[in-house]
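> This is the content of final16.cif (mmCIF, C-alpha atoms):
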```cif
data_query
loop_
_atom_site.group_PDB
_atom_site.id
_atom_site.type_symbol
_atom_site.label_atom_id
_atom_site.label_comp_id
_atom_site.auth_asym_id
_atom_site.auth_seq_id
_atom_site.Cartn_x
_atom_site.Cartn_y
_atom_site.Cartn_z
ATOM 1 C CA MET S 1085 12.102 26.198 1.473
ATOM 2 C CA GLN S 1086 13.904 27.724 -1.513
ATOM 3 C CA GLU S 1087 16.260 24.728 -1.776
ATOM 4 C CA SER S 1088 13.319 22.347 -1.920
ATOM 5 C CA ARG S 1089 11.615 24.475 -4.590
ATOM 6 C CA LEU S 1090 14.797 24.575 -6.681
ATOM 7 C CA PHE S 1091 14.889 20.791 -6.775
ATOM 8 C CA LYS S 1092 11.195 20.654 -7.707
ATOM 9 C CA ILE S 1093 11.734 23.143 -10.548
ATOM 10 C CA VAL S 1094 14.556 21.021 -11.979
ATOM 11 C CA TYR S 1095 12.495 17.846 -11.631
ATOM 12 C CA TYR S 1096 9.529 19.555 -13.316
ATOM 13 C CA LEU S 1097 11.679 20.673 -16.248
ATOM 14 C CA LEU S 1098 13.242 17.223 -16.582
ATOM 15 C CA ASP S 1099 9.736 15.761 -16.754
ATOM 16 C CA ARG S 1100 8.101 18.370 -19.045
ATOM 17 C CA GLY S 1101 11.045 19.496 -21.170
ATOM 18 C CA GLN S 1102 10.276 23.196 -20.769
ATOM 19 C CA ALA S 1103 7.917 25.594 -19.001
ATOM 20 C CA THR S 1104 7.182 29.317 -18.964
ATOM 21 C CA ALA S 1105 7.916 31.464 -15.930
ATOM 22 C CA PRO S 1106 4.192 32.145 -15.312
ATOM 23 C CA GLU S 1107 3.526 28.394 -15.500
ATOM 24 C CA LEU S 1108 6.208 27.690 -12.887
ATOM 25 C CA ALA S 1109 4.992 30.577 -10.724
ATOM 26 C CA GLU S 1110 1.468 29.143 -10.695
ATOM 27 C CA LYS S 1111 2.738 25.598 -10.099
ATOM 28 C CA PHE S 1112 4.844 26.517 -7.059
ATOM 29 C CA GLU S 1113 2.602 29.356 -5.817
ATOM 30 C CA VAL S 1114 5.204 32.130 -5.994
ATOM 31 C CA SER S 1115 5.635 35.233 -8.101
ATOM 32 C CA VAL S 1116 7.184 35.296 -11.589
ATOM 33 C CA ARG S 1117 9.962 37.463 -10.150
ATOM 34 C CA THR S 1118 10.727 34.731 -7.575
ATOM 35 C CA ILE S 1119 10.920 32.152 -10.367
ATOM 36 C CA TYR S 1120 13.502 34.225 -12.215
ATOM 37 C CA ARG S 1121 15.523 34.543 -8.983
ATOM 38 C CA ASP S 1122 15.333 30.753 -8.613
ATOM 39 C CA ILE S 1123 16.569 30.311 -12.200
ATOM 40 C CA ASP S 1124 19.535 32.589 -11.442
ATOM 41 C CA ALA S 1125 20.268 30.595 -8.261
ATOM 42 C CA LEU S 1126 20.214 27.316 -10.184
ATOM 43 C CA SER S 1127 22.499 28.738 -12.856
ATOM 44 C CA GLU S 1128 24.969 29.960 -10.226
ATOM 45 C CA ALA S 1129 24.913 26.458 -8.673
ATOM 46 C CA GLY S 1130 26.051 24.969 -11.985
ATOM 47 C CA VAL S 1131 22.733 23.724 -13.334
ATOM 48 C CA PRO S 1132 22.672 24.292 -17.152
ATOM 49 C CA ILE S 1133 19.335 26.120 -17.261
ATOM 50 C CA TYR S 1134 18.405 28.839 -19.746
ATOM 51 C CA ALA S 1135 15.435 30.814 -21.053
ATOM 52 C CA GLU S 1136 14.385 31.245 -24.677
ATOM 53 C CA THR S 1137 12.189 34.095 -25.848
ATOM 54 C CA GLY S 1138 9.682 34.023 -28.650
ATOM 55 C CA ARG S 1139 6.493 32.165 -29.477
ATOM 56 C CA ASN S 1140 7.786 28.699 -28.519
ATOM 57 C CA GLY S 1141 10.159 29.952 -25.877
ATOM 58 C CA GLY S 1142 10.393 29.009 -22.242
ATOM 59 C CA ILE S 1143 12.729 27.870 -19.500
ATOM 60 C CA ARG S 1144 14.710 24.728 -20.314
ATOM 61 C CA LEU S 1145 17.592 22.500 -19.281
ATOM 62 C CA ILE S 1146 20.184 21.429 -21.821
ATOM 63 C CA SER S 1147 19.235 18.032 -23.256
ATOM 64 C CA SER S 1148 22.311 16.253 -21.835
ATOM 65 C CA PHE S 1149 21.664 17.366 -18.250
ATOM 66 C CA VAL S 1150 21.578 14.622 -15.606
ATOM 67 C CA LEU S 1151 20.259 15.308 -12.103
ATOM 68 C CA ASP S 1152 23.280 15.959 -9.923
ATOM 69 C CA LYS S 1153 23.907 16.245 -6.229
ATOM 70 C CA VAL S 1154 23.978 20.061 -6.336
ATOM 71 C CA VAL S 1155 20.170 20.390 -6.253
ATOM 72 C CA LEU S 1156 19.548 17.881 -3.459
ATOM 73 C CA SER S 1157 19.485 18.822 0.203
ATOM 74 C CA GLU S 1158 21.149 16.550 2.765
ATOM 75 C CA GLN S 1159 17.720 15.412 3.946
ATOM 76 C CA GLU S 1160 16.640 14.554 0.383
ATOM 77 C CA LYS S 1161 19.841 12.568 -0.174
ATOM 78 C CA GLN S 1162 19.177 10.573 2.996
ATOM 79 C CA GLU S 1163 15.581 9.933 1.937
ATOM 80 C CA ILE S 1164 16.707 8.541 -1.432
ATOM 81 C CA LEU S 1165 19.372 6.295 0.115
ATOM 82 C CA THR S 1166 16.964 5.062 2.800
ATOM 83 C CA ALA S 1167 14.343 4.182 0.170
ATOM 84 C CA LEU S 1168 16.910 2.174 -1.812
ATOM 85 C CA GLN S 1169 18.119 0.493 1.367
ATOM 86 C CA SER S 1170 14.624 -0.682 2.291
ATOM 87 C CA ILE S 1171 13.807 -2.015 -1.205
ATOM 88 C CA ASN S 1172 17.034 -4.054 -1.535
ATOM 89 C CA VAL S 1173 15.731 -6.725 0.840
ATOM 90 C CA THR S 1174 13.325 -8.096 -1.804
ATOM 91 C CA LYS S 1175 16.183 -8.879 -4.173
ATOM 92 C CA ASN S 1176 18.346 -10.683 -1.620
ATOM 93 C CA SER S 1177 21.375 -8.879 -3.012
ATOM 94 C CA ASN S 1178 23.491 -5.802 -2.439
ATOM 95 C CA SER S 1179 22.498 -3.208 -5.012
ATOM 96 C CA GLN S 1180 25.370 -1.281 -6.632
ATOM 97 C CA THR S 1181 22.951 1.613 -7.185
ATOM 98 C CA LEU S 1182 23.024 2.361 -3.476
ATOM 99 C CA GLN S 1183 26.832 2.396 -3.436
ATOM 100 C CA LYS S 1184 27.018 4.617 -6.529
ATOM 101 C CA LEU S 1185 24.551 7.161 -5.187
ATOM 102 C CA SER S 1186 26.320 7.228 -1.814
ATOM 103 C CA ALA S 1187 29.527 8.098 -3.659
ATOM 104 C CA ILE S 1188 27.825 10.781 -5.785
ATOM 105 C CA PHE S 1189 26.127 12.325 -2.761
ATOM 106 C CA GLN S 1190 29.342 11.988 -0.733
ATOM 107 C CA THR S 1191 27.299 10.817 2.202
ATOM 108 C CA HIS S 1192 26.532 7.587 4.030
ATOM 109 C CA SER S 1193 23.088 6.421 5.070
ATOM 110 C CA GLU S 1194 22.851 4.664 8.419
ATOM 111 C CA ASN S 1195 21.155 1.296 8.093
ATOM 112 C CA TRP S 1196 18.369 2.135 10.560
ATOM 113 C CA LEU S 1197 15.432 0.769 8.567
ATOM 114 C CA GLU S 1198 14.647 -2.672 7.188
ATOM 115 C CA VAL S 1199 11.572 -3.572 5.167
ATOM 116 C CA ASP S 1200 10.760 -7.226 4.563
ATOM 117 C CA PHE S 1201 7.715 -8.046 2.415
ATOM 118 C CA SER S 1202 7.607 -11.692 3.484
ATOM 119 C CA ARG S 1203 5.796 -13.509 6.256
ATOM 120 C CA TRP S 1204 7.712 -15.447 8.873
ATOM 121 C CA GLY S 1205 9.095 -18.596 7.268
ATOM 122 C CA GLU S 1206 7.989 -17.593 3.741
ATOM 123 C CA LYS S 1207 10.791 -15.244 2.755
ATOM 124 C CA GLU S 1208 11.741 -16.600 -0.677
ATOM 125 C CA PHE S 1209 8.242 -17.032 -2.151
ATOM 126 C CA ASP S 1210 6.745 -13.803 -0.779
ATOM 127 C CA ASN S 1211 9.668 -11.644 -1.864
ATOM 128 C CA GLU S 1212 9.725 -13.242 -5.327
ATOM 129 C CA LYS S 1213 5.981 -12.638 -5.643
ATOM 130 C CA PHE S 1214 6.408 -8.997 -4.630
ATOM 131 C CA GLU S 1215 9.152 -8.517 -7.222
ATOM 132 C CA GLN S 1216 7.001 -10.089 -9.958
ATOM 133 C CA LEU S 1217 4.065 -7.832 -9.128
ATOM 134 C CA LYS S 1218 6.278 -4.752 -8.932
ATOM 135 C CA SER S 1219 7.771 -5.580 -12.331
ATOM 136 C CA ALA S 1220 4.314 -6.059 -13.868
ATOM 137 C CA VAL S 1221 3.053 -2.764 -12.434
ATOM 138 C CA ILE S 1222 6.036 -0.829 -13.801
ATOM 139 C CA SER S 1223 5.998 -2.491 -17.242
ATOM 140 C CA CYS S 1224 2.158 -2.438 -17.539
ATOM 141 C CA ASN S 1225 1.965 -6.175 -18.266
ATOM 142 C CA ASN S 1226 -1.108 -8.292 -17.638
ATOM 143 C CA ILE S 1227 -0.679 -11.023 -15.041
ATOM 144 C CA LYS S 1228 -2.421 -14.310 -14.363
ATOM 145 C CA ILE S 1229 -3.009 -14.916 -10.659
ATOM 146 C CA GLN S 1230 -4.486 -17.673 -8.567
ATOM 147 C CA TYR S 1231 -6.410 -16.036 -5.727
ATOM 148 C CA ALA S 1232 -8.099 -17.251 -2.543
ATOM 149 C CA SER S 1233 -10.939 -14.873 -1.668
ATOM 150 C CA SER S 1234 -12.169 -14.076 1.834
ATOM 151 C CA TYR S 1235 -15.247 -16.246 1.293
ATOM 152 C CA GLY S 1236 -13.336 -19.432 0.445
ATOM 153 C CA ALA S 1237 -13.250 -19.541 -3.358
ATOM 154 C CA ILE S 1238 -9.970 -20.125 -5.221
ATOM 155 C CA SER S 1239 -10.062 -18.767 -8.749
ATOM 156 C CA GLU S 1240 -7.745 -17.924 -11.620
ATOM 157 C CA ARG S 1241 -7.837 -14.340 -12.902
ATOM 158 C CA ILE S 1242 -6.139 -12.254 -15.547
ATOM 159 C CA VAL S 1243 -5.704 -8.751 -14.163
ATOM 160 C CA GLN S 1244 -4.069 -5.462 -15.048
ATOM 161 C CA PRO S 1245 -1.918 -4.481 -12.032
ATOM 162 C CA TYR S 1246 -1.878 -0.745 -11.298
ATOM 163 C CA LYS S 1247 -0.446 -0.259 -7.825
ATOM 164 C CA LEU S 1248 0.956 -2.027 -4.761
ATOM 165 C CA ALA S 1249 -0.431 -0.581 -1.539
ATOM 166 C CA TYR S 1250 0.285 -1.149 2.156
ATOM 167 C CA LYS S 1251 -2.606 -0.697 4.585
ATOM 168 C CA ALA S 1252 -3.586 -2.050 7.997
ATOM 169 C CA ASN S 1253 -0.531 -4.336 8.371
ATOM 170 C CA ALA S 1254 -0.954 -5.961 4.958
ATOM 171 C CA TRP S 1255 0.050 -5.504 1.301
ATOM 172 C CA TYR S 1256 -2.581 -5.232 -1.430
ATOM 173 C CA LEU S 1257 -2.596 -5.179 -5.227
ATOM 174 C CA LYS S 1258 -4.900 -2.657 -6.888
ATOM 175 C CA ALA S 1259 -5.854 -4.009 -10.300
ATOM 176 C CA PHE S 1260 -8.452 -4.222 -13.065
ATOM 177 C CA CYS S 1261 -9.940 -7.714 -13.436
ATOM 178 C CA THR S 1262 -10.499 -8.589 -17.113
ATOM 179 C CA GLN S 1263 -13.046 -11.311 -16.305
ATOM 180 C CA LYS S 1264 -15.174 -9.116 -14.029
ATOM 181 C CA GLN S 1265 -14.504 -5.965 -16.086
ATOM 182 C CA ASP S 1266 -14.183 -4.029 -12.871
ATOM 183 C CA TRP S 1267 -11.593 -2.723 -10.425
ATOM 184 C CA ARG S 1268 -10.479 -5.014 -7.633
ATOM 185 C CA ILE S 1269 -8.212 -4.982 -4.578
ATOM 186 C CA PHE S 1270 -6.347 -8.263 -3.926
ATOM 187 C CA LYS S 1271 -4.576 -9.097 -0.669
ATOM 188 C CA LEU S 1272 -1.020 -10.232 -1.472
ATOM 189 C CA ASN S 1273 -1.004 -13.041 1.088
ATOM 190 C CA ARG S 1274 -3.945 -14.620 -0.751
ATOM 191 C CA ILE S 1275 -2.305 -14.477 -4.171
ATOM 192 C CA LEU S 1276 -1.166 -18.083 -4.460
ATOM 193 C CA ASP S 1277 0.574 -17.891 -7.829
ATOM 194 C CA VAL S 1278 1.683 -15.189 -10.293
ATOM 195 C CA GLU S 1279 2.518 -15.399 -13.992
ATOM 196 C CA ILE S 1280 3.531 -12.304 -15.973
ATOM 197 C CA LEU S 1281 1.948 -12.329 -19.447
ATOM 198 C CA LYS S 1282 3.207 -10.760 -22.666
ATOM 199 C CA GLU S 1283 0.082 -8.642 -23.190
ATOM 200 C CA SER S 1284 0.358 -5.053 -22.001
ATOM 201 C CA PHE S 1285 -2.333 -2.534 -21.081
ATOM 202 C CA PRO S 1286 -2.717 1.258 -21.223
ATOM 203 C CA ARG S 1287 -2.266 2.855 -17.820
ATOM 204 C CA GLN S 1288 -5.310 4.450 -16.206
ATOM 205 C CA THR S 1289 -6.029 6.076 -12.864
ATOM 206 C CA PHE S 1290 -7.214 3.638 -10.218
ATOM 207 C CA PRO S 1291 -10.541 4.954 -8.860
ATOM 208 C CA LYS S 1292 -11.112 5.709 -5.202
ATOM 209 C CA LEU S 1293 -12.985 2.760 -3.734
ATOM 210 C CA THR S 1294 -12.790 3.786 -0.081
ATOM 211 C CA GLU S 1295 -16.319 5.152 0.190
ATOM 212 C CA HIS S 1296 -17.792 2.194 -1.704
ATOM 213 C CA LEU S 1297 -16.039 -0.299 0.536
ATOM 214 C CA GLU S 1298 -16.791 1.491 3.794
ATOM 215 C CA CYS S 1299 -20.514 1.481 3.049
ATOM 216 C CA GLU S 1300 -20.368 -2.342 3.389
ATOM 217 C CA TYR S 1301 -18.760 -2.080 6.836
ATOM 218 C CA GLN S 1302 -20.687 -2.021 10.085
ATOM 219 C CA GLN S 1303 -19.892 -0.617 13.491
ATOM 220 C CA ILE S 1304 -18.760 -3.510 15.684
ATOM 221 C CA ILE S 1305 -18.348 -3.078 19.447
ATOM 222 C CA LEU S 1306 -16.281 -5.711 21.257
ATOM 223 C CA HIS S 1307 -15.191 -6.325 24.843
ATOM 224 C CA PHE S 1308 -11.806 -7.914 25.613
ATOM 225 C CA PRO S 1309 -10.272 -8.842 28.986
ATOM 226 C CA LYS S 1310 -6.932 -7.265 29.883
ATOM 227 C CA GLU S 1311 -5.184 -10.639 29.424
ATOM 228 C CA VAL S 1312 -5.339 -10.227 25.622
ATOM 229 C CA ALA S 1313 -4.002 -6.671 25.557
ATOM 230 C CA TYR S 1314 -1.174 -7.770 23.243
ATOM 231 C CA ARG S 1315 -3.667 -8.781 20.548
ATOM 232 C CA VAL S 1316 -5.870 -5.740 21.025
ATOM 233 C CA PHE S 1317 -2.971 -3.325 20.479
ATOM 234 C CA ASP S 1318 -1.520 -5.483 17.693
ATOM 235 C CA GLU S 1319 -4.695 -5.466 15.649
ATOM 236 C CA PHE S 1320 -6.608 -2.269 16.428
ATOM 237 C CA ASP S 1321 -5.720 1.393 16.249
ATOM 238 C CA LYS S 1322 -5.511 3.179 19.607
ATOM 239 C CA THR S 1323 -8.315 5.536 18.510
ATOM 240 C CA GLN S 1324 -10.616 2.469 18.381
ATOM 241 C CA ILE S 1325 -9.679 1.287 21.882
ATOM 242 C CA THR S 1326 -11.025 2.439 25.263
ATOM 243 C CA GLN S 1327 -9.469 0.947 28.394
ATOM 244 C CA GLN S 1328 -11.771 0.571 31.365
ATOM 245 C CA GLU S 1329 -10.872 1.138 35.014
ATOM 246 C CA ASN S 1330 -10.529 -2.628 35.584
ATOM 247 C CA GLY S 1331 -8.002 -2.876 32.733
ATOM 248 C CA ASN S 1332 -10.346 -4.481 30.203
ATOM 249 C CA PHE S 1333 -10.895 -3.012 26.727
ATOM 250 C CA ILE S 1334 -13.824 -1.831 24.641
ATOM 251 C CA VAL S 1335 -13.075 -1.773 20.906
ATOM 252 C CA SER S 1336 -15.318 0.070 18.463
ATOM 253 C CA ALA S 1337 -14.411 -0.391 14.795
ATOM 254 C CA LYS S 1338 -16.035 -0.521 11.350
ATOM 255 C CA MET S 1339 -15.595 -4.004 9.914
ATOM 256 C CA ALA S 1340 -17.144 -6.166 7.201
ATOM 257 C CA VAL S 1341 -19.310 -8.860 8.768
ATOM 258 C CA ASP S 1342 -18.152 -11.842 6.741
ATOM 259 C CA ALA S 1343 -16.620 -15.288 7.123
ATOM 260 C CA TRP S 1344 -13.216 -13.755 7.873
ATOM 261 C CA LEU S 1345 -14.575 -11.727 10.790
ATOM 262 C CA ILE S 1346 -16.416 -14.739 12.238
ATOM 263 C CA GLY S 1347 -13.237 -16.840 12.133
ATOM 264 C CA TYR S 1348 -11.221 -13.966 13.570
ATOM 265 C CA LEU S 1349 -13.557 -13.502 16.536
ATOM 266 C CA LEU S 1350 -13.709 -17.245 17.154
ATOM 267 C CA SER S 1351 -9.904 -17.259 17.392
ATOM 268 C CA PHE S 1352 -10.265 -15.384 20.698
ATOM 269 C CA GLY S 1353 -12.266 -18.249 22.189
ATOM 270 C CA THR S 1354 -13.991 -17.087 25.374
ATOM 271 C CA GLN S 1355 -11.868 -13.933 25.566
ATOM 272 C CA VAL S 1356 -14.182 -11.747 23.493
ATOM 273 C CA ASP S 1357 -17.746 -10.523 23.993
ATOM 274 C CA VAL S 1358 -19.730 -8.978 21.154
ATOM 275 C CA LEU S 1359 -21.646 -5.999 22.496
ATOM 276 C CA SER S 1360 -23.048 -4.904 19.139
ATOM 277 C CA PRO S 1361 -24.651 -5.808 16.761
ATOM 278 C CA ALA S 1362 -26.810 -8.420 18.441
ATOM 279 C CA TYR S 1363 -27.166 -10.630 15.360
ATOM 280 C CA LEU S 1364 -23.370 -11.089 15.260
ATOM 281 C CA LYS S 1365 -23.530 -12.708 18.706
ATOM 282 C CA ASN S 1366 -26.056 -15.212 17.347
ATOM 283 C CA ILE S 1367 -23.824 -16.059 14.387
ATOM 284 C CA LEU S 1368 -20.861 -16.688 16.698
ATOM 285 C CA ALA S 1369 -22.990 -18.835 19.011
ATOM 286 C CA GLU S 1370 -24.224 -20.927 16.068
ATOM 287 C CA GLN S 1371 -20.676 -21.401 14.765
ATOM 288 C CA ALA S 1372 -19.371 -22.342 18.226
ATOM 289 C CA ARG S 1373 -22.216 -24.843 18.589
ATOM 290 C CA SER S 1374 -21.360 -26.381 15.197
ATOM 291 C CA ILE S 1375 -17.693 -26.695 16.215
ATOM 292 C CA TYR S 1376 -18.707 -28.391 19.470
ATOM 293 C CA GLU S 1377 -21.023 -30.835 17.685
ATOM 294 C CA LYS S 1378 -18.353 -31.661 15.104
ATOM 295 C CA ILE S 1379 -15.770 -32.428 17.805
ATOM 296 C CA LYS S 1380 -18.270 -34.385 19.901
ATOM 297 C CA ASN S 1381 -19.563 -36.385 16.939
ATOM 298 C CA PRO S 1382 -16.985 -36.269 14.094
ATOM 299 C CA THR S 1383 -18.951 -38.757 11.951
ATOM 300 C CA ALA S 1384 -21.974 -36.468 11.792
ATOM 301 C CA SER S 1385 -22.517 -34.304 8.720
ATOM 302 C CA ASN S 1386 -20.826 -30.955 8.896
ATOM 303 C CA LYS S 1387 -23.523 -28.324 9.302
ATOM 304 C CA THR S 1388 -22.598 -24.889 8.037
ATOM 305 C CA SER S 1389 -24.446 -21.740 8.997
ATOM 306 C CA ASN S 1390 -25.439 -19.038 6.580
ATOM 307 C CA LEU S 1391 -22.570 -16.661 7.073
ATOM 308 C CA PRO S 1392 -22.874 -13.227 5.486
ATOM 309 C CA CYS S 1393 -20.897 -12.918 2.293
ATOM 310 C CA PRO S 1394 -19.382 -9.563 1.339
ATOM 311 C CA LYS S 1395 -19.829 -7.995 -2.072
ATOM 312 C CA GLU S 1396 -16.928 -9.230 -4.125
ATOM 313 C CA LYS S 1397 -14.134 -6.695 -4.046
ATOM 314 C CA GLU S 1398 -11.609 -9.441 -3.205
ATOM 315 C CA ILE S 1399 -10.351 -7.921 0.026
#
```
Would you mind giving the structure from this file in structure tokens?

Amino acid sequence: MQESRLFKIVYYLLDRGQATAPELAEKFEVSVRTIYRDIDALSEAGVPIYAETGRNGGIRLISSFVLDKVVLSEQEKQEILTALQSINVTKNSNSQTLQKLSAIFQTHSENWLEVDFSRWGEKEFDNEKFEQLKSAVISCNNIKIQYASSYGAISERIVQPYKLAYKANAWYLKAFCTQKQDWRIFKLNRILDVEILKESFPRQTFPKLTEHLECEYQQIILHFPKEVAYRVFDEFDKTQITQQENGNFIVSAKMAVDAWLIGYLLSFGTQVDVLSPAYLKNILAEQARSIYEKIKNPTASNKTSNLPCPKEKEI
């Protein structure tokens, strides 16, 4: 515990420049006496840390100090090397940073983890797109994207990218849309093109949209036969799944009833039953009937049903 706190104190001082002992004590929830003991421990370990008295005094590091291996635990070293290992895949190259840090830490990280941001068969484009977005987020540059929304529209947007997020087996871009003048969440797989612009933007805090988005979701109850267990466990969390005595599954999950969900449920063919809500069963039946009529009579006009359209938050 102390070793972890020592590293955090050094990191805090590197970030802030200086801090008082009471400030550090409050930050790390220990006594002022403990902070002074930590300062002594860091000094004995070779960290150039000192305290100045007076009106503008405080605890500081010498200006030329660079974070060294002495304040990192073995676990922290492994975490840093593992993170670098997993990110290297997007660049399709062997990063010298990983080799240098391994030498500084005098340790070797086993290559037990691999992260690939691309879909099967789309490695070059997806990884390049991820790198472009990451660069724009870090440099605070506006980007122009071409985006295919969940309700079928392809549009061009200029957005301010704030964060890349991974959730529910997919990557998303959290951004501020300049056209809509509102925050948006874009699914990376639906970003068809990216161009980094010269204009920059001031960084803000991305608001929490979880509650707003969940209020648009509805409780969906589905029944699946045991033959599609592989898809059930691939696409739903185990807390949403109940297996019956006969091996079949009942899935209860909050989902947005939109065109994506209709297409997703239709992809199961006859191997899904909608138990609730009742109106969703009617939508599926109407869509299945339209598909049948189109196949039976391809020259007939394509009738489209009034599918529910989600409020536009892009995801």
> Using all atoms listed in the file, collect all residues at a distance of at most 10 Å from (-0.9, -6.0, -25.0) as written in the file, then present them as a ChimeraX atom specification.
/S:1224-1226,1281-1286
> To test your reading of the syntax: which residues would the PyMOL selection byres ((chain S and resi 1354) around 12) return for the file shown? Reply as a ChimeraX atom specification.
/S:1307-1309,1311-1312,1349-1353,1355-1358,1368-1369,1372
> Quick one: which residues end up in the PyMOL selection byres ((chain S and resi 1145) around 6) for this structure, as a list in words?
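Those residues are Pro1132, Ile1133, Arg1144 and Ile1146 of chain S.
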> List every protein, DNA or RNA residue that has an atom no more than 12 Å from (2.6, -19.4, -6.1) in the file's coordinate frame, counting all atoms listed in the file, and report them as number ranges by chain.
S: 1206, 1208-1214, 1216, 1228-1232, 1240, 1272-1279
> First collect every listed atom of range 1270-1282 of chain S; then fit an axis-aligned box around them, widen it by 4 Å on each side, and give centre and edge lengths in Å to one decimal, as JSON.

```
{"center_x": -1.4, "center_y": -13.2, "center_z": -10.8, "size_x": 17.9, "size_y": 17.8, "size_z": 31.8}
```
> Give me, please, the distance in Å between CA of Ala1313 in chain S and CA of Ser1336 in chain S, quoted to one decimal.
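Separation between CA of Ala1313 in chain S and CA of Ser1336 in chain S: 15.0 Å.
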> Which residues, written as JSON, numbers by chain, have at least one atom at most 9 Å from Leu1108 in chain S, with all atoms listed in the file counted and residues fewer than 5 positions away on the same chain left out?
{"S": [1093, 1096, 1103, 1113, 1114, 1115, 1116, 1119]}
> Write out as a list in words which residues come within 10 Å of Cys1261 in chain S when counting all atoms listed in the file, dropping same-chain ones fewer than 4 positions away.
Asn1226, Ile1227, Arg1241, Ile1242, Val1243, Gln1244, Pro1245, Gln1265, Asp1266, Trp1267, Arg1268 and Ile1269 of chain S
> Just to be explicit: take each residue in the selection above, keep C-alpha atoms, and write the result as a compact mmCIF listing (two decimals), in the coordinates of the input.

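New file result.txt:
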```txt
# COMPACT_ATOMS: atom_id res chain seq x y z
CA ASN S 1226 -1.11 -8.29 -17.64
CA ILE S 1227 -0.68 -11.02 -15.04
CA ARG S 1241 -7.84 -14.34 -12.90
CA ILE S 1242 -6.14 -12.25 -15.55
CA VAL S 1243 -5.70 -8.75 -14.16
CA GLN S 1244 -4.07 -5.46 -15.05
CA PRO S 1245 -1.92 -4.48 -12.03
CA GLN S 1265 -14.50 -5.96 -16.09
CA ASP S 1266 -14.18 -4.03 -12.87
CA TRP S 1267 -11.59 -2.72 -10.42
CA ARG S 1268 -10.48 -5.01 -7.63
CA ILE S 1269 -8.21 -4.98 -4.58
```
> Apply the PyMOL selection byres ((chain S and resi 1320) around 12) to the file shown and report the selected residues as a list in words.
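With the PyMOL selection byres ((chain S and resi 1320) around 12) on this model, the match is Ala1252, Asn1253, Leu1306, Phe1308, Ala1313, Tyr1314, Arg1315, Val1316, Phe1317, Asp1318, Glu1319, Asp1321, Lys1322, Thr1323, Gln1324, Ile1325, Thr1326, Phe1333, Ile1334, Val1335, Ser1336, Ala1337, Lys1338 and Met1339 of chain S.
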> From the set S:Gln1159, S:Thr1104, S:Thr1118, S:Asn1332, which residue has the shortest atom-to-atom contact distance to Gly1141 in chain S, counting all atoms listed in the file?
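The shortest atom-to-atom distance to Gly1141 in chain S comes from S:Thr1104.
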> For a test of reading the model, state the distance in Å between CA of Ile1346 in chain S and CA of Asn1366 in chain S, rounded to one decimal.
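Going from CA of Ile1346 in chain S over to CA of Asn1366 in chain S covers 10.9 Å.
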> Measure the distance from CA of Tyr1095 in chain S to CA of Ala1220 in chain S in Å and round it to one decimal.
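Atom-to-atom, CA of Tyr1095 in chain S to CA of Ala1220 in chain S, that is 25.4 Å.
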> Nearest to Leu1248 in chain S among S:Asp1124, S:Glu1160, S:Glu1136, S:Glu1215, with distances taken over all atoms listed in the file: which residue is it?
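Smallest separation from Leu1248 in chain S among the options: S:Glu1215.
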> Which one of S:Phe1112, S:Gln1263, S:Glu1329, S:Tyr1246 sits closest to Thr1289 in chain S if you count all atoms listed in the file?
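Checking each of S:Phe1112, S:Gln1263, S:Glu1329, S:Tyr1246 against Thr1289 in chain S, counting all atoms listed in the file, the winner is S:Tyr1246.
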> Restricting the calculation to only C-alpha atoms, which member of S:Ala1259, S:Ile1305, S:Ile1379, S:Ala1105 is positioned closest to Lys1365 in chain S?
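Ranking S:Ala1259, S:Ile1305, S:Ile1379, S:Ala1105 by distance to Lys1365 in chain S, first place goes to S:Ile1305.
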> Quick one: of S:Arg1139, S:Leu1359, S:Ala1249, S:Gln1303, who's nearest to Lys1218 in chain S, counting only C-alpha atoms?
S:Ala1249
